[in-house]
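Asker: Have a look at this one.
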Amino acid sequence: MKLLDLFCGAGGLSYGFEQAGFEIALGVDINAAALETFQKNHRNTQILCGDLTSDELKQQIINQAKRLDISGILGGPPCQGFSMKGKKLGLNDERNFLFREYLKIVETIQPDFIVMENVKALVNTANGYFLEQIESELKRLGLQPKIKVLNARNFGVPQNRERVFIVAMRKQAFDFNRLPETSKASITVRDAISDLHFLASGKGEFEQDFRLPKSSEYQCEMRQNAKKLFNHQATNHSKIALDKLKMIPPEGDKSSLPKELHGKQQFVHHIITDPPYSISAENQFHTMKNPRQGVNFGEWDRNFDPTAWLDVAFPILDINGSLIIFCSYKFISHIGNKVEQLGGVVKDILVWQKANPMPRNINRRYVQDMEFAIWAVKSKRSKWVFNKPDGVPYQRAFFKTPTLLGKERTAHPTQKPVSLMKDIIQIHTNSNELIFDPFMGVGSTGVASLILERQFIGCEREKDWFELARQRLVNLNLFQII
């Protein structure tokens, strides 16, 4: 079966399909240097270099594909506009619309299947607009799209790298559950590169002999019979950079440095937050004996990725900081795994028992009187804060308070009591430390923080909740608004 690879780059995606027995007949990219590498990896493959937005190039591709009898199309449209490391301009970034050029060729060639891959952020960029457009268009073209985020570490790659894959077949739907994930333990960076000899700053050569033997199965597979080592060259760091690196312990990061050496990047001492966790749909049930509908919490609660925000927030957490995330029981392991992938350590699961929970259908379900929060710390080396209350022989991970009553209660559907947040903040933080809440809601964490003489930064996307939180904080007369 012959394949066309659009946005082929150096040919990694094609190489995988070639190993699986497919023939890569045609590769297309705008980058001539990348195509040179692609050609070395796929010596019998035809290539075209050019801009896929060009009608002339698209016609060339279509003509070649028909002549070669192409059955499938691969490709990953440029991802800079979706990437967490990019500016994420969403609808304002023209690179984000190159998937349309890909789909125009799919429409003309009518392949049996397509495979498209991109960064995980594609799922949520512009509130999922791009992914919805791709899925909708593929269905219109008679294909059956299936979408899943896969992690390279589960397939024998020494990298924690998540990508979203879209596989659309014409005759049947693709089943991601049939993918043969490796049963072996994850391959580590040590497994991959421990055969590279030490280099001082600025040292190394483009081409040199291997000085160390292979020491892992992975290295044997990668090196095979190679005689030369290429590109083993160390960055030429400045003296200031080298002095900073010497101050960072193993498995440490920038937060290990004295504050005056942090540069533009600053850190927060703790992150305490209650993100959305898709409870709108599941709460549309009758309650008690009357057919009363549950609350619809709105679009902010739907289609929310409960872990994507950690890629941005976790790096700014202090080395000794605590991370406390309220979540549904359904997401405890999912969020915990993400925290540990980022280098954090989950210490405990906190439980909040509501003394007066909202009743449910009493003849069909248990009363939902518990909520959960993950407590994690930045790393295995963290010297975290834990202020056990006086007079308590041991502190249980169990907090019991009423839900909101009286003047404290607002219209926010998942507002936490200030008394609960005070209990948690007193145990896990010290006076004058900086607490960050990226999903502030109506500001209960902020109110508790200021009452307890902590500093607070809060973010909230919904203007009504933000203004309500702001007013609650202003009414305390305990701080200056920045």
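Identifiers in the structure tokens: chain A, B, ... in order shown; residue index from 1 per chain; ligand index from 1 in order shown.
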Please provide the set of residues having any atom within 9 Å of range 390-404 of chain A, restricted to only C-alpha atoms, with same-chain residues fewer than 3 positions apart removed, written as a PDB file with C-alpha atoms, in the first residue's frame.
Answerer:
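What follows is the written file around.pdb:
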```pdb
ATOM      1  CA  ASP A 348      -2.052  12.171  49.961  1.00  0.00           C
ATOM      2  CA  ILE A 349      -5.675  12.466  48.888  1.00  0.00           C
ATOM      3  CA  LEU A 350      -7.620  14.938  51.008  1.00  0.00           C
ATOM      4  CA  VAL A 351     -11.325  14.383  51.661  1.00  0.00           C
ATOM      5  CA  TRP A 352     -13.896  17.087  52.338  1.00  0.00           C
ATOM      6  CA  GLN A 353     -17.090  15.762  53.875  1.00  0.00           C
ATOM      7  CA  LYS A 354     -20.052  18.105  53.607  1.00  0.00           C
ATOM      8  CA  ALA A 355     -22.191  18.206  56.727  1.00  0.00           C
ATOM      9  CA  ASN A 356     -25.266  19.217  54.704  1.00  0.00           C
ATOM     10  CA  PRO A 357     -24.801  17.902  51.131  1.00  0.00           C
ATOM     11  CA  MET A 358     -27.193  18.494  48.254  1.00  0.00           C
ATOM     12  CA  ASN A 387       1.784  22.614  60.208  1.00  0.00           C
ATOM     13  CA  LYS A 407     -24.178  35.710  53.419  1.00  0.00           C
ATOM     14  CA  GLU A 408     -21.088  33.775  52.358  1.00  0.00           C
ATOM     15  CA  ARG A 409     -22.982  31.912  49.665  1.00  0.00           C
ATOM     16  CA  THR A 410     -22.833  33.279  46.102  1.00  0.00           C
ATOM     17  CA  GLN A 415     -17.855  27.646  45.655  1.00  0.00           C
ATOM     18  CA  LYS A 416     -15.804  26.305  48.567  1.00  0.00           C
ATOM     19  CA  PRO A 417     -16.343  27.467  52.177  1.00  0.00           C
ATOM     20  CA  SER A 419     -13.516  27.772  56.662  1.00  0.00           C
ATOM     21  CA  LEU A 420     -12.435  24.724  54.621  1.00  0.00           C
ATOM     22  CA  ASP A 423      -7.962  24.763  57.445  1.00  0.00           C
ATOM     23  CA  ILE A 424      -6.041  23.567  54.373  1.00  0.00           C
TER      24      ILE A 424
END
```
Asker: Which neighbours of Gln172 in chain A fall inside 10 Å, counting only C-alpha atoms, when residues of the same chain fewer than 6 positions from it are skipped, and could you give them as a list in words?
Answerer: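 With the cut-off at 10 Å, the set is Asp112, Phe113, Leu143, Gln144 and Pro145 of chain A.
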Asker: Go through A:Phe97, A:Phe174, A:Phe326, A:Phe198 one by one, measure the shortest atom-to-atom distance of each to Met421 in chain A using only C-alpha atoms, and give the residue with the smallest value.
Answerer: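 Smallest distance to Met421 in chain A is found for A:Phe326.
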Asker: Excluding same-chain residues fewer than 3 positions from range 334-337 of chain A, what lies within 12 Å of it counting only C-alpha atoms, as a PyMOL selection string?
Answerer: chain A and resi 160+275+277+305-311+323-331+340-349+373-377
Asker: Which is closer to Ile61 in chain A than all the others in A:Asp191, A:Glu36, A:Glu101, A:Glu18, using only C-alpha atoms?
Answerer: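 For Ile61 in chain A, the nearest of the candidates is A:Glu101.
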